[in-house]
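Colleague: Can you read through this structure? Questions will come right after.
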Amino acid sequence: MSHDFDPITNNSNNEHFQDVLARALGNPSRRSMLKGSAGLAAMLALPMLPGCGGGDTASTGVASTAAGASSIPALPTDSTLKFAAVQNNILDQITVPPGYNVQVLHATGDTLNASAAAYTNMGTETGDSWAQRVGDHHDGMELFYIDSSGKSQYRPTSKAVLAINHESSADSHLLMPTGQTSGTGKGKKFSQFGGYDGLVRPGDEVLKEINLHGISVVELTLDANGKPTGYNPTSSLNRRVTPQTPAEVHGPAAHLSDLRDLMVTRFSPTGATVRGTLNNCGHGPTPWGTYMGCEENWAFYFNVAAGGKAPTDTKMLTSRQRYGLAAAPFVAASTTWPALGIGQGWYTPTDLPDTDFRFSRWNTAASGASAREDFRNEPNTFGYNVEIDPANPASVPAKRMAMGRFAHEAAVCSLPVVGSPLAFYMGCDSRNEYMYKFVTTATWSAADIGGGMAAGNKYLNEGKLYAAKFNDDGTGQWLELNISNPAIKDYSKFAFANQAEVLVHTRLAADAAGATPMDRPEWGAVNPANGEVYFTMTNNSVANRTPVSTNTVNPRAYADPDGKMGTGNPNGHIVRFKESGNLSTATTFAWDIFVFGAEDDSAADVNISKLSGNNSFSSPDGLWFSYSTGICWIQTDDSAFTDEANCMLLAAVPGKVGDGGQFVVANTMTTPTPSTAAQRTFVGGILGESRLRRFLVAPKGAEVTGLTETADGKTLFVNIQHPGENTAALGTSSDFTYESQWPSNGGGISAKYGSGKRPRSATLMITKADGGKIGM
């Protein structure tokens, strides 16, 4: 989901990544900074764990999995991507290269059991029925195979499920007969960014919006060769985890009591149990075969009800401000931040019973004598990685609190090495936020594959949490977030009392430790060839940098050539880094820039990577490596380039940190007024069309996000989120002013999908006509 209007809540004085980058670019002696991609290295085939990676096996000689690791042949150094680049377009369809077939697996509202009626696409479904349907805003996902004993793994079997995140309800007016209503008003559109108007909302509409969030697990139908053909709508493995699903609070044993004290609410006086998961964007598969949904922009759903009593606790208010939560009672049309008009009014319904406080929990007023009598602590129960077992529908989800609380965007795992700890790399998706790493105390044992939630308790309850600091010489440090760190213990802006508060107020702890603010760290991925970690920096706020403020510490401040997104870094870039010694436990690393996003007609000091019409892109978001082909897949969530191209999927040939070439570009400097151009040395950032190529363009208004594949690399699953995002509700009829009518229009897919005309998020299955591997 686009976050172009996200507020910035990080007001720390920590050195910004752009400051680091600028100094490096201004230092002609730096020759290993911004590196481009060379050819594919030898791929380490790990069907046990797609989407995860780790140490450089060439130097360590270690790569252990359940069934051992096998190598596939090294591709020649001049290898290129084997498909014709898709051209930019703004059509209302899916566009893929010739020779590829696309069909819809399932879409928003499709049924997951026999008791849910077929989806009408007219907004007539009840709110409760949405707990039995595929959710909305399809996002991160992972494929799991189920063995004969009912345990999940990554090697192919005769049974498979797909776990999928559902991020947002920003366009849920499409799920109502005439759009959202509020009191007597109709045709409204409430999003966490657009705000709520303060009137009482119908309870059934609110239940739809609540239940469309969370995670869907669906069983695939496989043919005799193991090729997916669709999904089974009545499978006993099908499952929904929604914001109302009970979940357990898990964390370090030494701090669990303190952690649960911070989770205490009227619903759970002990804090041991919370409810559900919300705004799941990126994800994380684990080596033992479970799925983590990552809770991203959850703060916007809460508010202090109009006339309510705001908490007076100074620390609580400080934390609310840092996380973007409203700290004062609701005021319609507020223009201040934290915005008092945010949220969707989920606490307002009066026409349905407030069963288990399903509505009142979203009101964070201090209405009771203590936290046990209200929901002032309810926001503390969100912002985590939430683990589920996709093979066991009866298992209880777990909030993995040791991994920190922030706007989680993916949790990608290092290569499992028997006898060594695991590392999970995480981004906090907001501008000026940080990158994190969690290192397990337990060392990896292949015997835990298929171990479900018990294995999750072993690895994810105990460990060390770090935030990243990037230096201008291409090195970096992992700063441990621990109460024993004097910078945290003695932090003047927040008096941390114990380690539990560090884990619950993680952004503040990272502020104190001195982490480097980044340009919206979103998805991460680990290159299976060498264990290097890639992270997308989607873009930088247009209000955060303008041409007149450009100086030596901000080299890539530029105006969008079309004037759509103002100035700043509207096109984003991708950072990669390599752990020292290729160790998951390393506290230092080397980094560079993989590629800069840009429009192909941008100036040379903007289009640093020399992108062309066949590979230009903007706002990289999703990121995923194929374990079958080694391709690095890049997905976009963009508003700057959409006058020329809808959001897209690109294939890249990865290299390694430090493999790039050197070239020089001119930058216009200011002091503070514009002065003469200054020559600056850049290294790398050039990929070329043979190593970066556009594979897919989405329908109008859609984001391309979430990707996985079958173990043989011959079926690619891709999520299309919120097509027709800007479709408006008329409010007086059942029709809309459509931006998109995909997939019911059949655009670019094997057949028209579903009834009606309203656009729907959907999961695609892409195959090659000759039956080969995707992209090769």
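Within each chain, counting starts at residue 1; across the structure tokens, chains are named A, B, ... in the order shown, with ligands numbered 1 upward in that order.
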So that I can check the surroundings of Gln244 (chain A), please list as a PyMOL selection string every protein, DNA and RNA residue that reaches within 10 Å of it, counting only C-alpha atoms and ignoring chain neighbours fewer than 5 positions away.
Modeller: chain A and resi 131+207+210-211+213-214+274-278+356+358
Colleague: Using only C-alpha atoms, which residues sit within 7 Å of region 451-455 of chain A once same-chain residues fewer than 3 positions away are excluded, as a list of chain:residue names?
Modeller: A:Trp288, A:Gly289, A:Thr290, A:Asp389, A:Asp448, A:Lys458, A:Tyr459
Colleague: Extract, using only C-alpha atoms, all DNA, RNA and protein residues at most 9 Å from Val502 (chain A), discarding same-chain residues fewer than 6 positions from it, and format them as a count of residues only.
Modeller: 10
Colleague: Nearest to Thr350 (chain A) among A:Val200, A:Ala411, A:Ala306, A:Leu317, with distances taken over only C-alpha atoms: which residue is it?
Modeller: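 Smallest separation from Thr350 (chain A) among the options: A:Val200.
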Colleague: I want to know what sits within 12 Å of Ala729 (chain A), based on only C-alpha atoms, with residues of the same chain fewer than 5 positions away left out; could you give that as JSON, numbers by chain?
Modeller: {"A": [123, 171, 172, 173, 174, 175, 176, 177, 178, 179, 180, 181, 186, 187, 188, 189, 190, 724, 734, 735, 736, 737, 738, 739, 758]}
Colleague: Report as a list in words: the residues of region 132-228 of chain A with a DSSP assignment of helix (DSSP H, G or I), based on the backbone of this structure.
Modeller: Gln132, Ser172, His173, Leu174, Leu175, Gly203, Asp204, Glu205, Val206, Leu207, Lys208, Glu209, Ile210 and Asn211 of chain A
Colleague: Find the residues near Thr767 (chain A): any atom within 12 Å, counting only C-alpha atoms, skip ones fewer than 4 places away on the same chain, and give them as JSON, numbers by chain.
Modeller: {"A": [96, 97, 98, 99, 100, 101, 102, 103, 104, 227, 228, 229, 709, 710, 712, 713, 714, 715, 716, 717, 718, 749, 750, 771, 772, 773, 774, 775, 776]}
Colleague: Quick one: of A:Pro521, A:Gly368, A:Pro379, A:Gly284, who's nearest to Arg320 (chain A), counting only C-alpha atoms?
Modeller: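 Using only C-alpha atoms, the shortest distance to Arg320 (chain A) belongs to A:Pro379.
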Colleague: Using only C-alpha atoms, determine which residues lie at most 9 Å from Ser12 (chain A), disregarding the query and same-chain residues fewer than 2 positions distant; provide the list as a PyMOL selection string.
Modeller: chain A and resi 9-10+14-15+508+511-512+514+517
Colleague: Taking only C-alpha atoms into account, name the residue in A:Ala410, A:Leu81, A:Ala107, A:Glu501 that is nearest to Tyr231 (chain A).
Modeller: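 Looking only at the distances to Tyr231 (chain A), the closest residue turns out to be A:Ala107.
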Colleague: Could you state the separation of CA of Lys610 (chain A) and CA of Ser628 (chain A) in Å, given to one decimal place?
Modeller: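 Atom-to-atom, CA of Lys610 (chain A) to CA of Ser628 (chain A), that is 28.4 Å.
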Colleague: Please provide the set of residues having any atom within 9 Å of His283 (chain A), restricted to only C-alpha atoms, with same-chain residues fewer than 3 positions apart removed, written as a list of chain:residue names.
Modeller: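 Near His283 (chain A), the qualifying residues are A:Asp139, A:Gly140, A:Met141, A:Glu142, A:Ile164, A:Asn165, A:Asn280, A:Tyr291, A:Met292, A:Gly293, A:Cys294, A:Glu295, A:Asn385, A:His408, A:Glu409, A:Ala410, A:Ala411, A:Val412, A:Trp523, A:Gly706.
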Colleague: State, in Å with one decimal place, the distance from CA of Leu212 (chain A) to CA of Ser129 (chain A).
Modeller: 9.7 Å
Colleague: Which is closest to Thr314 (chain A) among A:Ala327, A:Ala118, A:Arg240, A:Phe424, if we use only C-alpha atoms?
Modeller: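 Closest residue, counting only C-alpha atoms: A:Ala327.
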Colleague: Quick one: of A:Pro699, A:Gly688, A:Gly531, A:Pro233, who's nearest to Arg576 (chain A), counting only C-alpha atoms?
Modeller: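 Checking each of A:Pro699, A:Gly688, A:Gly531, A:Pro233 against Arg576 (chain A), counting only C-alpha atoms, the winner is A:Gly531.
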